[in-house]
$ cat target-v2.txt   # compact mmCIF, N, CA, C and O atoms
# COMPACT_ATOMS: atom_id res chain seq x y z
N MET A 246 -19.35 5.23 34.66
CA MET A 246 -19.83 6.58 34.81
C MET A 246 -19.70 7.26 33.45
O MET A 246 -18.66 7.26 32.84
N SER A 247 -20.81 7.84 32.98
CA SER A 247 -20.77 8.54 31.70
C SER A 247 -21.30 9.96 31.89
O SER A 247 -22.00 10.27 32.85
N GLY A 248 -20.95 10.82 30.96
CA GLY A 248 -21.38 12.20 31.03
C GLY A 248 -20.46 13.08 30.23
O GLY A 248 -19.72 12.60 29.36
N VAL A 249 -20.44 14.34 30.56
CA VAL A 249 -19.63 15.32 29.85
C VAL A 249 -18.80 16.09 30.87
O VAL A 249 -19.33 16.56 31.88
N TRP A 250 -17.50 16.20 30.59
CA TRP A 250 -16.63 17.00 31.45
C TRP A 250 -16.76 18.46 31.03
O TRP A 250 -16.64 18.79 29.86
N VAL A 251 -16.99 19.34 32.00
CA VAL A 251 -17.17 20.76 31.73
C VAL A 251 -16.13 21.55 32.52
O VAL A 251 -15.96 21.33 33.73
N PHE A 252 -15.45 22.45 31.84
CA PHE A 252 -14.49 23.35 32.49
C PHE A 252 -15.15 24.71 32.58
O PHE A 252 -15.49 25.32 31.58
N LYS A 253 -15.37 25.20 33.79
CA LYS A 253 -16.03 26.49 33.99
C LYS A 253 -15.46 27.17 35.22
O LYS A 253 -15.36 26.56 36.28
N ASN A 254 -15.06 28.43 35.08
CA ASN A 254 -14.52 29.22 36.19
C ASN A 254 -13.34 28.52 36.87
O ASN A 254 -13.21 28.54 38.09
N GLY A 255 -12.48 27.89 36.09
CA GLY A 255 -11.29 27.25 36.63
C GLY A 255 -11.53 25.90 37.28
O GLY A 255 -10.63 25.34 37.89
N VAL A 256 -12.73 25.36 37.16
CA VAL A 256 -13.07 24.09 37.79
C VAL A 256 -13.57 23.11 36.73
O VAL A 256 -14.37 23.46 35.88
N VAL A 257 -13.07 21.87 36.80
CA VAL A 257 -13.52 20.82 35.90
C VAL A 257 -14.47 19.92 36.69
O VAL A 257 -14.16 19.51 37.81
N ARG A 258 -15.65 19.66 36.09
CA ARG A 258 -16.57 18.76 36.76
C ARG A 258 -17.29 17.89 35.74
O ARG A 258 -17.41 18.26 34.57
N LEU A 259 -17.77 16.76 36.20
CA LEU A 259 -18.49 15.81 35.35
C LEU A 259 -19.97 16.08 35.46
O LEU A 259 -20.53 16.09 36.56
N ILE A 260 -20.61 16.30 34.32
CA ILE A 260 -22.06 16.45 34.27
C ILE A 260 -22.63 15.14 33.75
O ILE A 260 -22.38 14.77 32.60
N GLU A 261 -23.37 14.44 34.57
CA GLU A 261 -23.90 13.14 34.16
C GLU A 261 -25.06 13.28 33.20
O GLU A 261 -25.27 12.43 32.36
N ASN A 262 -25.80 14.36 33.27
CA ASN A 262 -26.89 14.63 32.34
C ASN A 262 -26.58 15.96 31.66
O ASN A 262 -26.85 17.01 32.22
N PRO A 263 -26.00 15.94 30.44
CA PRO A 263 -25.59 17.17 29.78
C PRO A 263 -26.72 18.18 29.60
O PRO A 263 -26.48 19.36 29.47
N GLY A 264 -27.97 17.75 29.64
CA GLY A 264 -29.08 18.68 29.54
C GLY A 264 -29.16 19.62 30.73
O GLY A 264 -29.82 20.64 30.68
N ASP A 265 -28.46 19.27 31.81
CA ASP A 265 -28.46 20.10 33.01
C ASP A 265 -27.46 21.26 32.92
O ASP A 265 -27.37 22.05 33.85
N CYS A 266 -26.72 21.36 31.85
CA CYS A 266 -25.69 22.39 31.70
C CYS A 266 -26.32 23.69 31.21
O CYS A 266 -26.25 24.01 30.03
N GLN A 267 -26.93 24.42 32.07
CA GLN A 267 -27.53 25.68 31.66
C GLN A 267 -26.43 26.71 31.46
O GLN A 267 -25.54 26.85 32.27
N GLY A 268 -26.54 27.44 30.36
CA GLY A 268 -25.56 28.48 30.08
C GLY A 268 -24.27 27.98 29.46
O GLY A 268 -23.38 28.74 29.18
N SER A 269 -24.15 26.68 29.25
CA SER A 269 -22.93 26.18 28.61
C SER A 269 -23.16 26.07 27.11
O SER A 269 -24.27 26.17 26.62
N SER A 270 -22.08 25.87 26.38
CA SER A 270 -22.19 25.79 24.92
C SER A 270 -22.39 24.36 24.43
O SER A 270 -22.42 24.12 23.24
N ILE A 271 -22.56 23.41 25.35
CA ILE A 271 -22.75 22.03 24.95
C ILE A 271 -24.10 21.89 24.26
O ILE A 271 -25.12 22.33 24.77
N GLY A 272 -24.10 21.31 23.08
CA GLY A 272 -25.32 21.09 22.35
C GLY A 272 -25.74 22.27 21.48
O GLY A 272 -26.67 22.15 20.71
N ARG A 273 -25.08 23.39 21.62
CA ARG A 273 -25.42 24.54 20.76
C ARG A 273 -24.79 24.35 19.41
O ARG A 273 -23.70 23.81 19.27
N GLN A 274 -25.46 24.84 18.41
CA GLN A 274 -24.94 24.75 17.06
C GLN A 274 -23.85 25.80 16.87
O GLN A 274 -23.94 26.90 17.38
N LYS A 275 -22.84 25.44 16.12
CA LYS A 275 -21.71 26.33 15.87
C LYS A 275 -21.74 26.79 14.41
O LYS A 275 -22.26 26.10 13.54
N VAL A 276 -21.17 27.98 14.17
CA VAL A 276 -21.01 28.47 12.81
C VAL A 276 -19.58 28.97 12.65
O VAL A 276 -18.96 29.43 13.61
N LEU A 277 -19.08 28.87 11.43
CA LEU A 277 -17.76 29.39 11.09
C LEU A 277 -17.96 30.79 10.52
O LEU A 277 -18.78 30.99 9.62
N VAL A 278 -17.21 31.75 11.05
CA VAL A 278 -17.36 33.15 10.64
C VAL A 278 -16.03 33.67 10.11
O VAL A 278 -14.98 33.47 10.74
N HIS A 279 -16.08 34.32 8.95
CA HIS A 279 -14.91 35.01 8.42
C HIS A 279 -14.84 36.34 9.15
O HIS A 279 -15.75 37.17 9.06
N VAL A 280 -13.78 36.56 9.91
CA VAL A 280 -13.70 37.68 10.84
C VAL A 280 -13.76 39.04 10.16
O VAL A 280 -14.55 39.90 10.54
N SER A 281 -12.93 39.27 9.14
CA SER A 281 -12.85 40.61 8.55
C SER A 281 -14.14 41.06 7.88
O SER A 281 -14.48 42.24 7.88
N SER A 282 -14.91 40.12 7.33
CA SER A 282 -16.18 40.48 6.68
C SER A 282 -17.39 40.20 7.58
O SER A 282 -18.50 40.57 7.24
N ASN A 283 -17.14 39.52 8.71
CA ASN A 283 -18.20 39.11 9.63
C ASN A 283 -19.26 38.25 8.93
O ASN A 283 -20.43 38.27 9.29
N GLU A 284 -18.82 37.50 7.92
CA GLU A 284 -19.72 36.67 7.12
C GLU A 284 -19.72 35.24 7.64
O GLU A 284 -18.66 34.65 7.86
N ILE A 285 -20.91 34.69 7.81
CA ILE A 285 -21.04 33.28 8.20
C ILE A 285 -20.82 32.42 6.96
O ILE A 285 -21.37 32.70 5.90
N ILE A 286 -19.99 31.39 7.10
CA ILE A 286 -19.72 30.48 5.99
C ILE A 286 -20.91 29.54 5.86
O ILE A 286 -21.15 28.71 6.74
N THR A 287 -21.66 29.68 4.77
CA THR A 287 -22.89 28.91 4.58
C THR A 287 -22.77 27.82 3.53
O THR A 287 -23.71 27.05 3.33
N SER A 288 -21.63 27.77 2.84
CA SER A 288 -21.44 26.74 1.81
C SER A 288 -19.95 26.60 1.53
O SER A 288 -19.15 27.46 1.91
N TYR A 289 -19.61 25.52 0.84
CA TYR A 289 -18.22 25.34 0.45
C TYR A 289 -17.80 26.36 -0.60
O TYR A 289 -16.63 26.72 -0.68
N ALA A 290 -18.73 26.85 -1.40
CA ALA A 290 -18.39 27.87 -2.40
C ALA A 290 -17.93 29.15 -1.70
O ALA A 290 -16.94 29.76 -2.10
N VAL A 291 -18.63 29.55 -0.66
CA VAL A 291 -18.25 30.73 0.11
C VAL A 291 -16.90 30.50 0.78
O VAL A 291 -16.01 31.36 0.73
N LEU A 292 -16.73 29.33 1.40
CA LEU A 292 -15.47 29.00 2.05
C LEU A 292 -14.32 28.99 1.06
O LEU A 292 -13.24 29.54 1.34
N GLU A 293 -14.52 28.42 -0.10
CA GLU A 293 -13.46 28.35 -1.11
C GLU A 293 -13.03 29.74 -1.55
O GLU A 293 -11.84 30.01 -1.71
N ARG A 294 -13.97 30.66 -1.71
CA ARG A 294 -13.62 32.04 -2.08
C ARG A 294 -12.75 32.69 -1.01
O ARG A 294 -11.75 33.33 -1.32
N LYS A 295 -13.12 32.50 0.25
CA LYS A 295 -12.35 33.11 1.36
C LYS A 295 -10.97 32.47 1.47
O LYS A 295 -9.97 33.18 1.65
N LEU A 296 -10.90 31.16 1.36
CA LEU A 296 -9.61 30.48 1.46
C LEU A 296 -8.69 30.80 0.29
O LEU A 296 -7.47 30.95 0.47
N SER A 297 -9.25 30.94 -0.90
CA SER A 297 -8.40 31.24 -2.07
C SER A 297 -7.74 32.61 -1.93
O SER A 297 -6.60 32.80 -2.36
N LEU A 298 -8.43 33.54 -1.30
CA LEU A 298 -7.84 34.86 -1.05
C LEU A 298 -6.67 34.79 -0.06
O LEU A 298 -5.82 35.67 -0.03
N LEU A 299 -6.65 33.72 0.72
CA LEU A 299 -5.57 33.51 1.70
C LEU A 299 -4.47 32.59 1.17
O LEU A 299 -3.57 32.20 1.91
N GLY A 300 -4.55 32.22 -0.11
CA GLY A 300 -3.51 31.40 -0.72
C GLY A 300 -3.78 29.91 -0.74
O GLY A 300 -2.89 29.13 -1.10
N TRP A 301 -4.98 29.48 -0.36
CA TRP A 301 -5.31 28.06 -0.38
C TRP A 301 -5.80 27.65 -1.76
O TRP A 301 -6.47 28.41 -2.44
N GLU A 302 -5.45 26.43 -2.16
CA GLU A 302 -5.87 25.89 -3.45
C GLU A 302 -6.69 24.64 -3.23
O GLU A 302 -6.42 23.85 -2.33
N ARG A 303 -7.68 24.45 -4.06
CA ARG A 303 -8.55 23.27 -3.96
C ARG A 303 -7.85 22.07 -4.57
O ARG A 303 -7.22 22.16 -5.62
N TYR A 304 -7.92 20.94 -3.87
CA TYR A 304 -7.43 19.66 -4.37
C TYR A 304 -8.62 18.84 -4.83
O TYR A 304 -9.66 18.83 -4.17
N TYR A 305 -8.45 18.12 -5.92
CA TYR A 305 -9.54 17.29 -6.45
C TYR A 305 -9.17 15.82 -6.49
O TYR A 305 -9.79 15.03 -7.18
N ASP A 306 -8.15 15.41 -5.72
CA ASP A 306 -7.67 14.03 -5.75
C ASP A 306 -8.66 13.02 -5.16
O ASP A 306 -8.80 11.92 -5.66
N ASP A 307 -9.32 13.38 -4.09
CA ASP A 307 -10.23 12.46 -3.40
C ASP A 307 -11.67 12.93 -3.62
O ASP A 307 -12.07 14.00 -3.15
N LEU A 308 -12.46 12.13 -4.32
CA LEU A 308 -13.83 12.51 -4.65
C LEU A 308 -14.76 12.48 -3.44
O LEU A 308 -15.86 13.03 -3.49
N GLU A 309 -14.32 11.87 -2.35
CA GLU A 309 -15.16 11.78 -1.14
C GLU A 309 -14.95 12.97 -0.20
O GLU A 309 -15.67 13.12 0.77
N LEU A 310 -13.94 13.80 -0.49
CA LEU A 310 -13.60 14.92 0.38
C LEU A 310 -13.48 16.22 -0.41
O LEU A 310 -13.21 16.21 -1.60
N VAL A 311 -13.67 17.32 0.30
CA VAL A 311 -13.32 18.64 -0.23
C VAL A 311 -12.02 19.00 0.47
O VAL A 311 -11.98 19.06 1.71
N GLN A 312 -10.95 19.20 -0.30
CA GLN A 312 -9.65 19.43 0.30
C GLN A 312 -9.02 20.72 -0.22
O GLN A 312 -9.20 21.08 -1.39
N PHE A 313 -8.29 21.38 0.68
CA PHE A 313 -7.56 22.60 0.34
C PHE A 313 -6.13 22.47 0.84
O PHE A 313 -5.88 21.92 1.91
N HIS A 314 -5.19 22.99 0.05
CA HIS A 314 -3.77 22.97 0.42
C HIS A 314 -3.19 24.35 0.19
O HIS A 314 -3.53 25.04 -0.76
N LYS A 315 -2.30 24.74 1.09
CA LYS A 315 -1.59 26.01 0.95
C LYS A 315 -0.15 25.68 0.60
O LYS A 315 0.55 25.01 1.37
N ARG A 316 0.30 26.14 -0.55
CA ARG A 316 1.63 25.78 -1.06
C ARG A 316 2.77 26.11 -0.10
O ARG A 316 3.74 25.40 0.00
N SER A 317 2.64 27.20 0.62
CA SER A 317 3.73 27.64 1.49
C SER A 317 3.80 26.86 2.81
O SER A 317 4.68 27.11 3.63
N THR A 318 2.89 25.90 3.01
CA THR A 318 2.86 25.13 4.25
C THR A 318 2.65 23.64 3.94
O THR A 318 2.43 23.26 2.80
N VAL A 319 2.67 22.85 4.99
CA VAL A 319 2.35 21.43 4.85
C VAL A 319 0.89 21.17 5.21
O VAL A 319 0.44 20.04 5.21
N HIS A 320 0.15 22.23 5.50
CA HIS A 320 -1.24 22.09 5.94
C HIS A 320 -2.16 21.61 4.83
O HIS A 320 -2.05 22.02 3.69
N LEU A 321 -3.07 20.76 5.23
CA LEU A 321 -4.12 20.26 4.34
C LEU A 321 -5.42 20.32 5.12
O LEU A 321 -5.51 19.85 6.26
N ILE A 322 -6.43 20.94 4.54
CA ILE A 322 -7.76 20.97 5.14
C ILE A 322 -8.61 19.94 4.41
O ILE A 322 -8.77 20.03 3.20
N SER A 323 -9.13 18.97 5.14
CA SER A 323 -9.97 17.92 4.56
C SER A 323 -11.35 18.01 5.19
O SER A 323 -11.49 17.95 6.41
N LEU A 324 -12.36 18.14 4.34
CA LEU A 324 -13.74 18.33 4.79
C LEU A 324 -14.64 17.30 4.14
O LEU A 324 -14.36 16.85 3.03
N PRO A 325 -15.75 16.95 4.80
CA PRO A 325 -16.68 16.01 4.17
C PRO A 325 -17.29 16.64 2.92
O PRO A 325 -17.50 17.86 2.87
N LYS A 326 -17.53 15.85 1.91
CA LYS A 326 -18.05 16.36 0.65
C LYS A 326 -19.42 17.04 0.83
O LYS A 326 -19.71 18.04 0.18
N ASP A 327 -20.22 16.51 1.72
CA ASP A 327 -21.56 17.04 1.99
C ASP A 327 -21.46 18.13 3.06
O ASP A 327 -21.07 17.87 4.19
N PHE A 328 -21.83 19.37 2.72
CA PHE A 328 -21.71 20.49 3.65
C PHE A 328 -22.56 20.28 4.91
O PHE A 328 -22.22 20.80 5.97
N SER A 329 -23.62 19.51 4.82
CA SER A 329 -24.45 19.26 6.00
C SER A 329 -23.70 18.44 7.06
O SER A 329 -24.11 18.38 8.22
N LYS A 330 -22.59 17.82 6.68
CA LYS A 330 -21.76 17.05 7.61
C LYS A 330 -20.56 17.86 8.10
O LYS A 330 -19.68 17.32 8.77
N PHE A 331 -20.52 19.13 7.78
CA PHE A 331 -19.48 20.06 8.20
C PHE A 331 -19.70 20.38 9.68
O PHE A 331 -20.66 21.03 10.05
N LYS A 332 -18.85 19.85 10.54
CA LYS A 332 -19.02 19.93 11.99
C LYS A 332 -18.00 20.88 12.63
O LYS A 332 -17.08 21.35 11.97
N SER A 333 -18.17 21.11 13.92
CA SER A 333 -17.30 22.06 14.62
C SER A 333 -15.83 21.63 14.57
O SER A 333 -14.94 22.48 14.52
N MET A 334 -15.54 20.33 14.56
CA MET A 334 -14.14 19.90 14.49
C MET A 334 -13.50 20.36 13.18
O MET A 334 -12.32 20.71 13.15
N HIS A 335 -14.27 20.39 12.09
CA HIS A 335 -13.75 20.88 10.81
C HIS A 335 -13.54 22.39 10.89
O HIS A 335 -12.56 22.92 10.36
N MET A 336 -14.48 23.07 11.55
CA MET A 336 -14.37 24.52 11.69
C MET A 336 -13.12 24.90 12.47
O MET A 336 -12.38 25.81 12.08
N TYR A 337 -12.86 24.20 13.57
CA TYR A 337 -11.68 24.50 14.38
C TYR A 337 -10.40 24.19 13.62
O TYR A 337 -9.39 24.88 13.80
N ASP A 338 -10.41 23.19 12.77
CA ASP A 338 -9.25 22.90 11.93
C ASP A 338 -8.94 24.09 11.03
O ASP A 338 -7.78 24.49 10.89
N ILE A 339 -9.97 24.69 10.46
CA ILE A 339 -9.79 25.86 9.60
C ILE A 339 -9.29 27.05 10.42
O ILE A 339 -8.38 27.77 10.00
N VAL A 340 -9.84 27.24 11.61
CA VAL A 340 -9.42 28.34 12.48
C VAL A 340 -7.94 28.22 12.85
O VAL A 340 -7.19 29.19 12.76
N VAL A 341 -7.53 27.03 13.25
CA VAL A 341 -6.13 26.82 13.66
C VAL A 341 -5.16 27.07 12.51
O VAL A 341 -4.09 27.63 12.71
N LYS A 342 -5.55 26.71 11.31
CA LYS A 342 -4.66 26.85 10.15
C LYS A 342 -4.75 28.23 9.50
O LYS A 342 -4.00 28.51 8.56
N ASN A 343 -5.65 29.08 10.00
CA ASN A 343 -5.82 30.43 9.46
C ASN A 343 -6.05 31.41 10.62
O ASN A 343 -7.11 32.01 10.75
N ARG A 344 -5.04 31.56 11.45
CA ARG A 344 -5.15 32.40 12.64
C ARG A 344 -5.65 33.80 12.29
O ARG A 344 -5.23 34.40 11.30
N ASN A 345 -6.56 34.30 13.10
CA ASN A 345 -7.12 35.66 12.99
C ASN A 345 -7.97 35.88 11.76
O ASN A 345 -8.37 37.01 11.47
N GLU A 346 -8.26 34.85 10.99
CA GLU A 346 -9.08 34.99 9.79
C GLU A 346 -10.50 34.46 9.98
O GLU A 346 -11.44 34.97 9.39
N PHE A 347 -10.62 33.41 10.77
CA PHE A 347 -11.90 32.77 11.03
C PHE A 347 -12.08 32.56 12.52
O PHE A 347 -11.11 32.48 13.26
N GLU A 348 -13.34 32.46 12.96
CA GLU A 348 -13.63 32.04 14.31
C GLU A 348 -14.90 31.21 14.32
O GLU A 348 -15.72 31.31 13.41
N VAL A 349 -15.01 30.38 15.35
CA VAL A 349 -16.20 29.56 15.53
C VAL A 349 -17.05 30.23 16.60
O VAL A 349 -16.55 30.60 17.66
N ARG A 350 -18.33 30.41 16.29
CA ARG A 350 -19.25 31.07 17.23
C ARG A 350 -20.48 30.19 17.45
O ARG A 350 -20.87 29.42 16.58
N ASP A 351 -21.09 30.38 18.62
CA ASP A 351 -22.38 29.74 18.91
C ASP A 351 -23.47 30.48 18.16
O ASP A 351 -23.40 31.70 18.00
N THR A 352 -24.49 29.74 17.73
CA THR A 352 -25.62 30.41 17.06
C THR A 352 -26.63 30.84 18.10
O THR A 352 -26.66 30.41 19.20
$ encode --input "target-v2.txt" --output "structure tokens"
Amino acid sequence: MSGVWVFKNGVVRLIENPGDCQGSSIGRQKVLVHVSSNEIITSYAVLERKLSLLGWERYYDDLELVQFHKRSTVHLISLPKDFSKFKSMHMYDIVVKNRNEFEVRDT
């Protein structure tokens, strides 16, 4: 049995054909938004500016990744070098490590 598990209104159910999920966020494109400026992050240059204001520093050790580290923590943000491969899992990683600064929204 294959499909997508959906949690809605306190109920978990299996949708065998995800295209049948009307009104759900499955398949919708996500964007990372800087909350205080309400700016959509459209490139790593924009993201780097926002993160640097929060104390994050760019690492250049791995040429295959874009990485940021915050000295006061053990956190490391690792992103694909190509921004077109920047997915929602990377966005949520940034959100979790920067509470109240970023959010992921549906487009």
$ select_by_dssp --input "target-v2.txt" --residues "chain A" --states "helix (DSSP H, G or I)" --output "PyMOL selection string"
chain A and resi 263-265+289-298+328-330+333-342
$ write_last_selection --input "target-v2.txt" --atoms "N, CA, C and O atoms" --output "tab-separated table (two decimals), keeping the file's coordinate frame"
chain	number	residue	atom	x	y	z
A	263	PRO	N	-26.00	15.94	30.44
A	263	PRO	CA	-25.59	17.17	29.78
A	263	PRO	C	-26.72	18.18	29.60
A	263	PRO	O	-26.48	19.36	29.47
A	264	GLY	N	-27.97	17.75	29.64
A	264	GLY	CA	-29.08	18.68	29.54
A	264	GLY	C	-29.16	19.62	30.73
A	264	GLY	O	-29.82	20.64	30.68
A	265	ASP	N	-28.46	19.27	31.81
A	265	ASP	CA	-28.46	20.10	33.01
A	265	ASP	C	-27.46	21.26	32.92
A	265	ASP	O	-27.37	22.05	33.85
A	289	TYR	N	-19.61	25.52	0.84
A	289	TYR	CA	-18.22	25.34	0.45
A	289	TYR	C	-17.80	26.36	-0.60
A	289	TYR	O	-16.63	26.72	-0.68
A	290	ALA	N	-18.73	26.85	-1.40
A	290	ALA	CA	-18.39	27.87	-2.40
A	290	ALA	C	-17.93	29.15	-1.70
A	290	ALA	O	-16.94	29.76	-2.10
A	291	VAL	N	-18.63	29.55	-0.66
A	291	VAL	CA	-18.25	30.73	0.11
A	291	VAL	C	-16.90	30.50	0.78
A	291	VAL	O	-16.01	31.36	0.73
A	292	LEU	N	-16.73	29.33	1.40
A	292	LEU	CA	-15.47	29.00	2.05
A	292	LEU	C	-14.32	28.99	1.06
A	292	LEU	O	-13.24	29.54	1.34
A	293	GLU	N	-14.52	28.42	-0.10
A	293	GLU	CA	-13.46	28.35	-1.11
A	293	GLU	C	-13.03	29.74	-1.55
A	293	GLU	O	-11.84	30.01	-1.71
A	294	ARG	N	-13.97	30.66	-1.71
A	294	ARG	CA	-13.62	32.04	-2.08
A	294	ARG	C	-12.75	32.69	-1.01
A	294	ARG	O	-11.75	33.33	-1.32
A	295	LYS	N	-13.12	32.50	0.25
A	295	LYS	CA	-12.35	33.11	1.36
A	295	LYS	C	-10.97	32.47	1.47
A	295	LYS	O	-9.97	33.18	1.65
A	296	LEU	N	-10.90	31.16	1.36
A	296	LEU	CA	-9.61	30.48	1.46
A	296	LEU	C	-8.69	30.80	0.29
A	296	LEU	O	-7.47	30.95	0.47
A	297	SER	N	-9.25	30.94	-0.90
A	297	SER	CA	-8.40	31.24	-2.07
A	297	SER	C	-7.74	32.61	-1.93
A	297	SER	O	-6.60	32.80	-2.36
A	298	LEU	N	-8.43	33.54	-1.30
A	298	LEU	CA	-7.84	34.86	-1.05
A	298	LEU	C	-6.67	34.79	-0.06
A	298	LEU	O	-5.82	35.67	-0.03
A	328	PHE	N	-21.83	19.37	2.72
A	328	PHE	CA	-21.71	20.49	3.65
A	328	PHE	C	-22.56	20.28	4.91
A	328	PHE	O	-22.22	20.80	5.97
A	329	SER	N	-23.62	19.51	4.82
A	329	SER	CA	-24.45	19.26	6.00
A	329	SER	C	-23.70	18.44	7.06
A	329	SER	O	-24.11	18.38	8.22
A	330	LYS	N	-22.59	17.82	6.68
A	330	LYS	CA	-21.76	17.05	7.61
A	330	LYS	C	-20.56	17.86	8.10
A	330	LYS	O	-19.68	17.32	8.77
A	333	SER	N	-18.17	21.11	13.92
A	333	SER	CA	-17.30	22.06	14.62
A	333	SER	C	-15.83	21.63	14.57
A	333	SER	O	-14.94	22.48	14.52
A	334	MET	N	-15.54	20.33	14.56
A	334	MET	CA	-14.14	19.90	14.49
A	334	MET	C	-13.50	20.36	13.18
A	334	MET	O	-12.32	20.71	13.15
A	335	HIS	N	-14.27	20.39	12.09
A	335	HIS	CA	-13.75	20.88	10.81
A	335	HIS	C	-13.54	22.39	10.89
A	335	HIS	O	-12.56	22.92	10.36
A	336	MET	N	-14.48	23.07	11.55
A	336	MET	CA	-14.37	24.52	11.69
A	336	MET	C	-13.12	24.90	12.47
A	336	MET	O	-12.38	25.81	12.08
A	337	TYR	N	-12.86	24.20	13.57
A	337	TYR	CA	-11.68	24.50	14.38
A	337	TYR	C	-10.40	24.19	13.62
A	337	TYR	O	-9.39	24.88	13.80
A	338	ASP	N	-10.41	23.19	12.77
A	338	ASP	CA	-9.25	22.90	11.93
A	338	ASP	C	-8.94	24.09	11.03
A	338	ASP	O	-7.78	24.49	10.89
A	339	ILE	N	-9.97	24.69	10.46
A	339	ILE	CA	-9.79	25.86	9.60
A	339	ILE	C	-9.29	27.05	10.42
A	339	ILE	O	-8.38	27.77	10.00
A	340	VAL	N	-9.84	27.24	11.61
A	340	VAL	CA	-9.42	28.34	12.48
A	340	VAL	C	-7.94	28.22	12.85
A	340	VAL	O	-7.19	29.19	12.76
A	341	VAL	N	-7.53	27.03	13.25
A	341	VAL	CA	-6.13	26.82	13.66
A	341	VAL	C	-5.16	27.07	12.51
A	341	VAL	O	-4.09	27.63	12.71
A	342	LYS	N	-5.55	26.71	11.31
A	342	LYS	CA	-4.66	26.85	10.15
A	342	LYS	C	-4.75	28.23	9.50
A	342	LYS	O	-4.00	28.51	8.56
$ residues_around --input "target-v2.txt" --residues "Tyr304 of chain A" --least-positions-apart "3" --cutoff "8 Å" --atoms "all atoms listed in the file" --output "list in words"
Trp301, Asp307, Leu308, Leu310, Val311, Gln312, Phe313, His314 and Ile322 of chain A
$ residues_around --input "target-v2.txt" --residues "Gln274 of chain A" --least-positions-apart "5" --cutoff "12 Å" --atoms "only C-alpha atoms" --output "PyMOL selection string"
chain A and resi 269+331-333+336+349-352
$ closest_residue --input "target-v2.txt" --among "A:Met334, A:Leu324, A:Val251, A:Ile339" --to "Glu309 of chain A" --atoms "all atoms listed in the file"
A:Leu324
$ axis_aligned_box --input "target-v2.txt" --around "segment 315-334 of chain A" --padding-each-side "4 Å" --output "lines of an AutoDock Vina configuration file"
center_x = -9.9
center_y = 21.7
center_z = 6.8
size_x = 37.1
size_y = 19.8
size_z = 23.7
$ select_by_dssp --input "target-v2.txt" --residues "chain A" --states "strand (DSSP E)" --output "VMD selection string"
chain A and resid 249 to 253 256 to 260 275 to 279 284 to 285 301 to 304 310 to 315 321 to 325 347 to 351
$ atom_distance --input "target-v2.txt" --atom1 "atom C of Asp327 of chain A" --atom2 "atom N of Tyr305 of chain A"
15.8 Å
$ closest_residue --input "target-v2.txt" --among "A:Trp250, A:Leu299, A:Phe328, A:Ser317" --to "Thr287 of chain A" --atoms "only C-alpha atoms"
A:Phe328
$ atom_distance --input "target-v2.txt" --atom1 "atom CA of Ala290 of chain A" --atom2 "atom CA of Ser323 of chain A"
14.8 Å
$ closest_residue --input "target-v2.txt" --among "A:Arg258, A:Lys253, A:Lys315, A:Ser281" --to "Gly300 of chain A" --atoms "all atoms listed in the file"
A:Lys315
$ residues_near_point --input "target-v2.txt" --point "(-16.3, 32.4, 15.3)" --cutoff "7 Å" --atoms "only C-alpha atoms" --output "list in words"
Val276, Leu277, Val278, Phe347, Glu348, Val349 and Arg350 of chain A
$ atom_distance --input "target-v2.txt" --atom1 "atom CA of Leu292 of chain A" --atom2 "atom CA of Val319 of chain A"
19.6 Å
